[in-house]
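Structure file run_14.txt; described as compact mmCIF, C-alpha atoms and all ligand atoms.
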```txt
# COMPACT_ATOMS: atom_id res chain seq x y z
CA MET A 218 4.84 60.36 2.63
CA LEU A 219 2.89 63.44 1.54
CA ASN A 220 -0.54 62.08 2.36
CA GLY A 221 -2.99 64.89 3.08
CA LYS A 222 -0.37 67.64 2.59
CA ASN A 223 -1.47 70.68 0.61
CA ILE A 224 1.04 71.73 -2.01
CA LEU A 225 0.67 74.91 -4.01
CA ILE A 226 2.66 74.93 -7.25
CA GLY A 227 3.43 78.25 -8.91
CA ILE A 228 4.37 78.02 -12.59
CA THR A 229 5.93 80.94 -14.44
CA GLY A 230 6.58 81.54 -18.13
CA GLY A 231 9.59 79.38 -19.02
CA ILE A 232 9.95 76.40 -21.31
CA ALA A 233 10.58 74.09 -18.32
CA ALA A 234 6.89 74.62 -17.43
CA TYR A 235 6.07 71.44 -19.34
CA LYS A 236 8.15 69.41 -16.85
CA ILE A 237 5.90 70.48 -13.99
CA CYS A 238 3.12 68.23 -15.31
CA GLU A 239 5.21 65.28 -14.13
CA LEU A 240 5.97 66.97 -10.78
CA ILE A 241 2.22 67.32 -10.17
CA ARG A 242 1.88 63.56 -10.86
CA MET A 243 4.68 62.78 -8.40
CA TYR A 244 3.00 64.78 -5.63
CA LYS A 245 -0.42 63.30 -6.42
CA ARG A 246 0.96 59.76 -6.42
CA SER A 247 2.25 60.25 -2.88
CA GLY A 248 -1.14 61.42 -1.64
CA ALA A 249 -0.80 65.22 -1.66
CA ASN A 250 -3.51 67.69 -2.62
CA VAL A 251 -2.14 69.91 -5.36
CA ARG A 252 -3.29 73.35 -6.45
CA VAL A 253 -1.67 75.19 -9.30
CA VAL A 254 -1.35 78.90 -9.87
CA CYS A 255 0.19 80.22 -13.10
CA THR A 256 1.44 83.53 -14.34
CA PRO A 257 -0.35 84.45 -17.57
CA ASN A 258 2.86 83.74 -19.53
CA ALA A 259 3.14 80.19 -18.16
CA LEU A 260 0.09 79.31 -20.26
CA ASN A 261 2.16 79.89 -23.41
CA PHE A 262 4.04 76.71 -22.49
CA VAL A 263 1.44 74.47 -20.87
CA THR A 264 -2.35 74.50 -21.00
CA LYS A 265 -4.74 75.27 -18.20
CA LEU A 266 -6.72 72.13 -19.07
CA THR A 267 -3.65 69.90 -18.66
CA LEU A 268 -2.81 71.39 -15.25
CA GLN A 269 -6.42 71.25 -14.15
CA ASN A 270 -6.73 67.55 -15.05
CA LEU A 271 -3.45 66.56 -13.46
CA SER A 272 -4.02 68.49 -10.23
CA GLN A 273 -7.76 67.75 -10.18
CA ASN A 274 -8.28 71.32 -9.09
CA GLU A 275 -9.11 74.70 -10.61
CA VAL A 276 -6.00 76.53 -11.84
CA GLY A 277 -5.53 80.07 -10.54
CA ILE A 278 -4.41 82.78 -12.96
CA GLU A 279 -6.39 85.97 -12.51
CA GLU A 280 -6.07 87.98 -9.35
CA PHE A 281 -9.55 89.37 -9.24
CA THR A 282 -12.57 87.14 -9.82
CA THR A 283 -16.13 87.67 -8.70
CA GLU A 284 -16.82 84.00 -7.93
CA ASN A 285 -15.23 83.96 -4.51
CA TYR A 286 -15.93 86.36 -1.67
CA LYS A 287 -12.49 85.69 -0.14
CA PRO A 288 -9.43 87.50 -1.50
CA GLU A 289 -7.93 84.73 -3.62
CA HIS A 290 -4.25 85.35 -2.88
CA ILE A 291 -4.98 85.02 0.84
CA SER A 292 -7.10 81.89 0.58
CA TYR A 293 -4.48 80.14 -1.59
CA ALA A 294 -1.79 81.10 0.89
CA ASP A 295 -3.86 79.96 3.89
CA GLU A 296 -4.71 76.55 2.46
CA ALA A 297 -1.24 75.39 1.42
CA ASP A 298 1.41 73.81 3.66
CA ILE A 299 4.15 74.65 1.21
CA MET A 300 4.60 76.61 -2.02
CA VAL A 301 6.82 75.39 -4.86
CA ILE A 302 7.59 77.87 -7.65
CA ALA A 303 8.95 75.98 -10.66
CA PRO A 304 10.16 77.02 -13.08
CA ALA A 305 10.86 80.47 -11.65
CA THR A 306 11.84 83.02 -14.29
CA ALA A 307 14.27 85.89 -13.70
CA ASN A 308 11.26 88.21 -13.94
CA THR A 309 9.24 86.53 -11.19
CA ILE A 310 12.34 86.10 -9.00
CA GLY A 311 12.98 89.84 -9.33
CA LYS A 312 9.41 90.66 -8.34
CA ILE A 313 9.36 88.35 -5.30
CA ALA A 314 12.72 89.65 -4.09
CA ASN A 315 11.42 93.21 -4.27
CA GLY A 316 7.95 92.69 -2.83
CA ILE A 317 6.16 93.33 -6.11
CA CYS A 318 2.69 91.79 -6.37
CA ASP A 319 1.37 92.34 -9.89
CA ASN A 320 -0.32 88.99 -10.50
CA LEU A 321 -1.93 86.21 -8.48
CA LEU A 322 1.28 84.18 -8.16
CA THR A 323 3.44 87.04 -6.89
CA SER A 324 0.67 88.25 -4.55
CA ILE A 325 0.29 84.78 -3.02
CA THR A 326 4.06 84.48 -2.57
CA CYS A 327 4.16 87.82 -0.78
CA ALA A 328 1.38 86.72 1.59
CA PHE A 329 2.83 83.24 2.14
CA THR A 330 4.26 82.57 5.60
CA LYS A 331 5.11 78.86 5.29
CA PRO A 332 8.10 77.31 3.46
CA VAL A 333 8.62 78.32 -0.16
CA ILE A 334 10.81 76.42 -2.60
CA ILE A 335 11.97 78.38 -5.64
CA CYS A 336 13.45 76.54 -8.63
CA PRO A 337 14.93 79.00 -11.12
CA ALA A 338 15.28 78.03 -14.79
CA MET A 339 16.51 80.37 -17.50
CA ASN A 340 19.23 81.09 -20.06
CA CYS A 341 22.75 80.88 -18.53
CA GLY A 342 23.47 84.54 -19.30
CA MET A 343 20.32 85.57 -17.44
CA TRP A 344 21.22 83.31 -14.50
CA ASN A 345 24.66 84.92 -14.24
CA ASN A 346 23.26 88.43 -14.54
CA VAL A 347 24.38 90.54 -11.60
CA PHE A 348 20.85 91.66 -10.69
CA VAL A 349 19.41 88.15 -10.89
CA GLN A 350 22.19 86.94 -8.59
CA GLU A 351 21.53 89.85 -6.21
CA ASN A 352 17.85 88.89 -6.10
CA ILE A 353 18.68 85.23 -5.52
CA ASN A 354 20.95 86.15 -2.62
CA LYS A 355 18.24 88.39 -1.20
CA LEU A 356 15.77 85.51 -1.31
CA LYS A 357 18.26 83.08 0.25
CA HIS A 358 18.97 85.58 2.99
CA ALA A 359 15.23 85.92 3.66
CA GLY A 360 14.86 82.15 4.13
CA TYR A 361 13.45 81.06 0.76
CA ASN A 362 14.65 77.61 -0.28
CA ILE A 363 16.38 78.00 -3.61
CA ILE A 364 17.17 74.89 -5.63
CA GLU A 365 19.74 76.19 -8.08
CA PRO A 366 19.51 75.33 -11.77
CA GLU A 367 21.78 72.70 -13.26
CA GLU A 368 24.40 72.80 -16.00
CA GLY A 369 23.57 71.34 -19.36
CA PHE A 370 22.09 71.87 -22.79
CA LEU A 371 19.48 74.61 -22.57
CA ALA A 372 16.34 74.94 -24.69
CA CYS A 373 17.67 78.28 -26.03
CA GLY A 374 20.60 76.40 -27.64
CA TYR A 375 23.25 77.40 -25.10
CA ASN A 376 25.24 75.07 -22.89
CA GLY A 377 25.59 76.29 -19.30
CA LYS A 378 23.94 76.67 -15.93
CA GLY A 379 20.24 77.40 -16.22
CA ARG A 380 18.20 74.25 -16.73
CA LEU A 381 15.58 73.36 -14.17
CA CYS A 382 16.97 71.01 -11.50
CA GLU A 383 15.90 67.36 -11.54
CA LEU A 384 12.27 66.93 -10.45
CA GLU A 385 13.43 64.32 -7.92
CA LYS A 386 15.37 67.09 -6.12
CA ILE A 387 12.26 69.27 -5.89
CA TYR A 388 10.19 66.34 -4.66
CA GLN A 389 12.81 65.37 -2.06
CA LYS A 390 13.13 68.93 -0.76
CA THR A 391 9.34 69.21 -0.48
CA GLU A 392 9.15 65.94 1.42
CA ASN A 393 12.00 66.96 3.71
CA LEU A 394 10.48 70.32 4.55
CA LEU A 395 7.03 68.83 5.17
CA THR A 396 8.20 65.92 7.25
CA LEU A 397 10.81 67.46 9.52
CA LYS A 398 9.81 65.09 12.33
CA ASN A 399 11.59 66.98 14.98
CA LYS A 400 10.75 70.66 14.95
CA ASN A 401 11.60 71.15 18.60
CA LEU A 402 15.00 72.73 18.13
CA ALA A 403 13.41 76.06 19.01
CA GLY A 404 15.41 77.73 21.74
CA LYS A 405 18.54 75.70 20.96
CA LYS A 406 21.68 77.48 19.82
CA ILE A 407 23.65 75.35 17.37
CA VAL A 408 27.07 76.27 16.01
CA ILE A 409 28.06 74.48 12.80
CA THR A 410 31.34 74.70 10.92
CA ALA A 411 31.65 74.07 7.18
CA GLY A 412 34.23 74.08 4.39
CA GLY A 413 37.96 73.51 4.14
CA THR A 414 40.19 75.86 6.10
CA ILE A 415 42.59 78.10 4.16
CA GLU A 416 46.14 78.25 5.50
CA ALA A 417 48.22 81.04 4.01
CA ILE A 418 51.77 80.43 2.73
CA ASP A 419 52.28 84.02 1.63
CA THR A 420 50.00 86.83 0.51
CA VAL A 421 48.90 85.01 -2.67
CA ARG A 422 49.26 81.27 -1.96
CA TYR A 423 47.62 78.90 0.47
CA ILE A 424 47.11 75.27 1.48
CA SER A 425 43.54 73.98 1.56
CA ASN A 426 41.46 70.93 0.59
CA TYR A 427 38.56 69.98 -1.69
CA SER A 428 35.80 70.34 0.90
CA SER A 429 32.83 72.24 -0.60
CA GLY A 430 31.13 72.92 2.74
CA LYS A 431 27.87 71.46 1.37
CA MET A 432 27.36 68.99 4.24
CA GLY A 433 27.84 71.59 6.96
CA ILE A 434 25.63 74.09 5.14
CA ALA A 435 22.89 71.43 4.71
CA LEU A 436 23.08 70.79 8.46
CA ALA A 437 22.82 74.50 9.19
CA ASP A 438 19.85 74.90 6.81
CA CYS A 439 18.08 71.93 8.32
CA ALA A 440 18.72 72.96 11.94
CA TYR A 441 17.39 76.43 11.08
CA GLU A 442 14.27 74.92 9.50
CA MET A 443 13.80 72.84 12.67
CA GLY A 444 13.66 76.07 14.63
CA ALA A 445 17.20 76.30 16.04
CA ASP A 446 19.14 79.51 16.48
CA VAL A 447 21.95 78.67 14.04
CA LEU A 448 25.40 80.13 13.66
CA LEU A 449 27.40 78.89 10.67
CA ILE A 450 31.17 79.40 10.89
CA THR A 451 32.51 78.79 7.41
CA THR A 452 35.20 79.38 4.83
CA VAL A 453 32.55 79.39 2.07
CA ASN A 454 30.77 82.56 0.92
CA THR A 455 27.07 82.04 1.39
CA SER A 456 23.96 84.09 2.01
CA LYS A 457 21.64 82.71 4.70
CA PRO A 458 18.70 83.78 6.85
CA TYR A 459 20.68 82.80 9.98
CA GLY A 460 24.03 83.98 11.37
CA VAL A 461 27.12 83.39 9.25
CA ILE A 462 30.71 84.14 10.27
CA ASN A 463 33.31 83.87 7.51
CA VAL A 464 36.74 82.63 8.51
CA LYS A 465 39.82 81.40 6.67
CA SER A 466 42.30 79.51 8.81
CA ALA A 467 41.86 76.84 11.48
CA GLU A 468 43.13 79.36 14.01
CA ASP A 469 40.38 81.88 13.02
CA MET A 470 37.78 79.11 13.14
CA LYS A 471 38.89 78.06 16.62
CA ILE A 472 38.68 81.62 17.95
CA ALA A 473 35.22 82.12 16.43
CA ILE A 474 33.87 78.87 17.98
CA GLU A 475 35.42 79.48 21.37
CA LYS A 476 33.64 82.84 21.57
CA GLU A 477 30.33 80.97 21.31
CA PHE A 478 31.22 77.99 23.55
CA ASP A 479 29.55 79.17 26.76
CA ASN A 480 26.22 79.98 25.13
CA THR A 481 25.86 77.01 22.83
CA ASP A 482 23.77 73.87 23.13
CA CYS A 483 25.51 72.00 20.36
CA ILE A 484 28.63 72.32 18.21
CA ILE A 485 28.89 70.38 14.95
CA MET A 486 32.37 70.28 13.44
CA ALA A 487 31.62 69.47 9.80
CA ALA A 488 34.52 71.60 8.53
CA ALA A 489 37.55 69.98 6.94
CA VAL A 490 40.17 71.59 9.14
CA ALA A 491 43.71 71.51 7.75
CA ASP A 492 45.92 69.48 10.08
CA TYR A 493 49.01 71.56 9.22
CA LYS A 494 49.85 75.13 8.29
CA ALA A 495 52.98 76.85 7.02
CA LYS A 496 55.37 77.62 9.87
CA ASP A 497 56.25 81.00 8.37
CA GLN A 498 53.43 82.86 6.67
CA LEU A 499 55.09 85.55 4.58
CA ASN A 500 53.47 88.95 4.39
CA HIS A 501 54.63 89.47 0.81
CA LYS A 502 54.66 87.33 -2.35
CA MET A 503 57.40 84.70 -2.20
CA LYS A 504 59.80 85.13 -5.17
CA LYS A 505 60.86 82.29 -7.46
CA THR A 506 64.46 81.21 -6.77
CA SER A 507 67.09 79.45 -8.91
CA GLU A 508 66.43 76.23 -6.94
CA ASP A 509 64.41 73.44 -8.61
CA GLU A 510 63.19 72.21 -5.32
CA ILE A 511 62.10 74.15 -2.30
CA SER A 512 60.42 73.10 0.91
CA ILE A 513 57.92 74.71 3.20
CA THR A 514 57.99 73.73 6.83
CA LEU A 515 54.56 72.83 8.14
CA ILE A 516 53.52 72.90 11.75
CA LYS A 517 50.47 71.38 13.38
CA ASN A 518 47.22 73.29 13.60
CA PRO A 519 45.22 72.99 16.79
CA ASP A 520 42.79 70.07 16.77
CA ILE A 521 39.71 72.20 17.35
CA LEU A 522 37.33 69.31 18.01
CA LYS A 523 39.65 67.78 20.58
CA CYS A 524 40.26 71.15 22.28
CA LEU A 525 36.50 71.73 22.53
CA CYS A 526 35.95 68.30 24.09
CA GLU A 527 38.80 68.87 26.55
CA LYS A 528 37.40 72.26 27.48
CA ARG A 529 34.00 70.67 28.05
CA ALA A 530 35.49 67.95 30.21
CA LYS A 531 36.91 70.67 32.46
CA VAL A 532 33.52 72.39 32.62
CA LEU A 533 31.94 69.10 33.69
CA VAL A 534 34.33 68.60 36.58
CA PRO A 535 32.28 69.59 39.64
CA SER A 536 33.49 72.96 40.73
CA ASN A 537 31.60 75.83 42.27
CA SER A 538 33.01 78.37 39.87
CA CYS A 539 31.91 76.53 36.72
CA ALA A 540 28.81 74.79 38.03
CA SER A 541 26.40 76.99 36.16
CA GLN A 542 28.20 76.76 32.83
CA LYS A 543 26.39 74.91 30.05
CA ALA A 544 28.19 71.96 28.48
CA PRO A 545 27.40 71.74 24.78
CA LEU A 546 26.81 68.53 22.89
CA ILE A 547 29.77 68.07 20.55
CA ILE A 548 29.56 66.31 17.19
CA GLY A 549 32.53 65.57 14.99
CA PHE A 550 32.85 64.42 11.41
CA CYS A 551 35.36 61.90 10.16
CA ALA A 552 36.78 61.72 6.66
CA GLU A 553 38.45 58.40 5.89
CA SER A 554 39.61 56.77 2.70
CA GLU A 555 40.10 53.29 4.23
CA ASN A 556 38.96 51.24 7.25
CA LEU A 557 36.12 53.70 7.84
CA ILE A 558 34.43 52.22 10.91
CA GLU A 559 37.60 51.02 12.61
CA ASN A 560 39.29 54.42 12.23
CA ALA A 561 36.11 56.23 13.23
CA LYS A 562 35.83 54.17 16.42
CA ASN A 563 39.36 55.18 17.37
CA LYS A 564 38.68 58.78 16.45
CA ILE A 565 35.55 59.20 18.60
CA LYS A 566 37.50 57.88 21.61
CA ASN A 567 40.54 59.98 20.86
CA LYS A 568 38.59 63.22 20.34
CA GLY A 569 36.07 62.68 23.13
CA CYS A 570 32.98 63.87 21.26
CA ASP A 571 29.40 62.59 21.70
CA TYR A 572 28.78 61.60 18.09
CA LEU A 573 31.04 61.15 15.10
CA VAL A 574 29.65 61.17 11.57
CA ALA A 575 31.94 59.04 9.41
CA ASN A 576 32.09 59.24 5.64
CA ASP A 577 34.18 57.48 3.05
CA ILE A 578 35.95 60.15 0.99
CA SER A 579 37.43 57.66 -1.48
CA ARG A 580 34.04 57.26 -3.18
CA LYS A 581 33.34 59.59 -6.10
CA ASP A 582 29.53 59.36 -5.77
CA ILE A 583 29.45 60.81 -2.23
CA GLY A 584 31.36 63.10 0.09
CA PHE A 585 33.70 65.93 -0.94
CA SER A 586 32.05 68.33 -3.43
CA SER A 587 29.23 65.87 -4.17
CA ASP A 588 25.56 66.73 -3.50
CA PHE A 589 25.18 63.29 -1.92
CA ASN A 590 26.55 61.48 1.07
CA GLU A 591 26.38 58.13 2.82
CA VAL A 592 27.46 58.09 6.45
CA SER A 593 27.68 56.07 9.63
CA ILE A 594 26.82 57.83 12.87
CA LEU A 595 28.89 56.59 15.81
CA LYS A 596 27.74 57.36 19.31
CA ASN A 597 30.07 57.45 22.30
CA ASP A 598 28.26 54.42 23.78
CA GLY A 599 29.66 52.32 20.92
CA THR A 600 26.52 52.13 18.78
CA VAL A 601 26.71 52.72 15.03
CA LYS A 602 23.86 53.74 12.73
CA HIS A 603 24.26 53.64 8.98
CA LEU A 604 22.48 56.16 6.72
CA GLU A 605 22.09 55.03 3.10
CA ARG A 606 23.21 57.27 0.23
CA ALA A 607 20.96 60.34 -0.08
CA ASP A 608 21.23 64.05 -0.86
CA LYS A 609 23.08 65.99 1.82
CA TYR A 610 19.96 67.73 3.13
CA THR A 611 18.30 64.36 3.76
CA ILE A 612 21.46 63.12 5.49
CA ALA A 613 21.53 66.33 7.58
CA LYS A 614 17.90 65.84 8.60
CA ASN A 615 18.58 62.25 9.65
CA ILE A 616 21.67 63.25 11.63
CA LEU A 617 19.74 65.94 13.54
CA GLU A 618 16.84 63.58 14.16
CA GLU A 619 19.27 60.94 15.43
CA ILE A 620 20.79 63.43 17.86
CA TYR A 621 17.60 65.10 19.00
CA GLY A 622 15.01 62.43 18.11
N1 LIG B 1 39.24 68.56 13.17
C1 LIG B 1 39.53 69.66 13.95
N2 LIG B 1 40.78 70.21 13.93
C2 LIG B 1 41.74 69.68 13.17
C3 LIG B 1 41.47 68.55 12.37
C4 LIG B 1 40.21 68.02 12.40
O1 LIG B 1 38.64 70.14 14.65
N3 LIG B 1 42.93 70.23 13.17
C5 LIG B 1 37.90 67.97 13.27
C6 LIG B 1 37.13 67.95 11.97
O2 LIG B 1 36.33 69.10 11.83
C7 LIG B 1 36.26 66.71 12.14
C8 LIG B 1 37.12 65.79 13.00
O3 LIG B 1 38.07 66.62 13.64
O4 LIG B 1 35.09 66.98 12.85
C9 LIG B 1 37.85 64.71 12.26
O5 LIG B 1 38.55 65.25 11.15
P1 LIG B 1 39.36 64.28 10.20
O6 LIG B 1 39.98 65.10 9.12
O7 LIG B 1 38.52 63.11 9.83
O8 LIG B 1 40.47 63.68 11.17
P2 LIG B 1 41.81 64.26 11.74
O9 LIG B 1 41.61 64.52 13.18
O10 LIG B 1 42.29 65.41 10.92
O11 LIG B 1 42.78 63.00 11.58
P3 LIG B 1 43.33 62.33 10.20
O12 LIG B 1 43.49 63.45 9.21
O13 LIG B 1 44.59 61.71 10.61
O14 LIG B 1 42.30 61.30 9.80
```
What is this file in structure tokens?
Amino acid sequence: MLNGKNILIGITGGIAAYKICELIRMYKRSGANVRVVCTPNALNFVTKLTLQNLSQNEVGIEEFTTENYKPEHISYADEADIMVIAPATANTIGKIANGICDNLLTSITCAFTKPVIICPAMNCGMWNNVFVQENINKLKHAGYNIIEPEEGFLACGYNGKGRLCELEKIYQKTENLLTLKNKNLAGKKIVITAGGTIEAIDTVRYISNYSSGKMGIALADCAYEMGADVLLITTVNTSKPYGVINVKSAEDMKIAIEKEFDNTDCIIMAAAVADYKAKDQLNHKMKKTSEDEISITLIKNPDILKCLCEKRAKVLVPSNSCASQKAPLIIGFCAESENLIENAKNKIKNKGCDYLVANDISRKDIGFSSDFNEVSILKNDGTVKHLERADKYTIAKNILEEIYG
């Protein structure tokens, strides 16, 4: 898959540096050309000779050498199709986020204009440090691809979030970014919703669901990387290089989408919208009573997806007043715990959308809160395409390629 691609790996001074030897092998095995650049501290954990032999290339460390007439940080940046910094220490993350270029690796990163993947690895206390988190958010906002560290036993003896993510994740992300078949979403405005809606009961309590928003966010990331003008409407707090509108309730979400309707090429409803909300939303904290049992009356929320499809159907009716209005493509999601395809087929008809992405939420290894998914894409012409279990970004890429391929 990576045949002929040029991958630049940046290694910084953390114990996980030793794992990158295997990552180099993975890239090489799939046909990529690999160059490695290290911070001086990285060489405390892995030798230059090892990296040189595995990558079959010179390893860059010093910024200024006399052997090459070209400025090295620029030539490294020009040659590579992608840069992968792993492990990335808090120190290097801080420098990149603040435009500091005090070694070859940070100078290359600053000059790099193609995709960059950053894989932080550090002690859990460092990862949670307020300034490290600020820097991470800054990088996310600027469009860097951050693969967050994982929870587990850390080399420093602590248990917590900080260990380098699985190498397979880094490999998969690299492959996805380098093989986005369809990069022609430039000029398309895509609105994507994500996360479970939050329906207030009173000022401190609410009804919601377990949706993490990961699928919708993966779709938004992928559409952005394919060149689309993306607007994410979500209940999840997230920092992104594209537009994000934070909402809480289904009602808020509906208003936010409807504002965009006329200027949108595509709407993807990946959010888990609550079907019901409390009839009376108290504007104070509800007090405990002497009763052992109480009830809250719920009333139906608007079915946003259905409303959007109905609105579009009106736009499509030939009429002089609306003739120039754009009719967006509308994609729904479908969460089912039984009879997935049968229910999905009914749902796509009932809602009136163009595609419906169906997933089985009864499975623990995919769906809600998981990093993975396995879906079937139903089209309104009755065809069904199954996508095997994969990480949500890969699923997102395949969905967008199915729609726009
Ligand atoms: N949806 C919506 N508004 C709602 C409920 C759902 O826009 N009030 C959208 C979801 O974002 C999703 C699709 O409709 O794209 C299907 O959601 P799902 O929860 O699977 O189905 P429901 O319509 O809620 O029906 P049910 O809960 O009975 O399966």
Within 12 Å of Gly316 (chain A), counting all atoms listed in the file, which residues qualify if same-chain residues fewer than 2 places away don't, as a PyMOL selection string?
chain A and resi 309-314+318-320+323-329+352+355-356+359
How would you write, as a short mmCIF file (atom, residue, chain, number, x, y, z; two decimals) with C-alpha atoms, in the frame of the given file, the set of residues no farther than 7 Å from ligand LIG 1 (chain B) when counting all atoms listed in the file?
```
data_model
loop_
_atom_site.label_atom_id
_atom_site.label_comp_id
_atom_site.auth_asym_id
_atom_site.auth_seq_id
_atom_site.Cartn_x
_atom_site.Cartn_y
_atom_site.Cartn_z
CA ALA A 467 41.86 76.84 11.48
CA MET A 486 32.37 70.28 13.44
CA ALA A 487 31.62 69.47 9.80
CA ALA A 488 34.52 71.60 8.53
CA ALA A 489 37.55 69.98 6.94
CA VAL A 490 40.17 71.59 9.14
CA ALA A 491 43.71 71.51 7.75
CA ASP A 492 45.92 69.48 10.08
CA ASN A 518 47.22 73.29 13.60
CA PRO A 519 45.22 72.99 16.79
CA ASP A 520 42.79 70.07 16.77
CA ILE A 521 39.71 72.20 17.35
CA LEU A 522 37.33 69.31 18.01
CA LYS A 523 39.65 67.78 20.58
CA GLY A 549 32.53 65.57 14.99
CA PHE A 550 32.85 64.42 11.41
CA CYS A 551 35.36 61.90 10.16
CA ALA A 552 36.78 61.72 6.66
CA GLU A 553 38.45 58.40 5.89
#
```
Which value, in Å to one decimal, gives the distance between CA of Lys566 (chain A) and CA of Ile578 (chain A)?
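Going from CA of Lys566 (chain A) over to CA of Ile578 (chain A) covers 20.8 Å.
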In Å, rounded to a single decimal, give me how far CA of Val333 (chain A) is from CA of Val347 (chain A).
23.0 Å
Mind checking which residues fall within 12 Å of Val276 (chain A), counting only C-alpha atoms, ignoring those fewer than 5 positions away in the same chain, and posting them as an MDAnalysis selection string?
chainID A and resid 225:228 251:257 259:260 263:271 289 293 321:322
Spatial neighbours of region 369-374 of chain A, max dist 8 Å, only C-alpha atoms, sep filter under 5 positions, as number ranges by chain:
A: 232, 340, 379-380
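One distance worth recording is that between CA of Gly230 (chain A) and CA of Ile364 (chain A), which is 17.7 Å.
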So, counting only C-alpha atoms, which residue among A:Arg422, A:Lys236, A:Lys564, A:Arg529 is closest to Ala495 (chain A)?
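Once distances to Ala495 (chain A) are computed over only C-alpha atoms, the minimum belongs to A:Arg422.
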I need the residue nearest Gly221 (chain A) from this list: A:Glu619, A:Glu296, A:Glu279, A:Glu383. Use all atoms listed in the file for the distance.
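Closest candidate: A:Glu296.
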Which one is closest to Ile548 (chain A): A:Asn590, A:Ser466, A:Asn597, A:Thr396? Count all atoms listed in the file.
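Ranking A:Asn590, A:Ser466, A:Asn597, A:Thr396 by distance to Ile548 (chain A), first place goes to A:Asn597.
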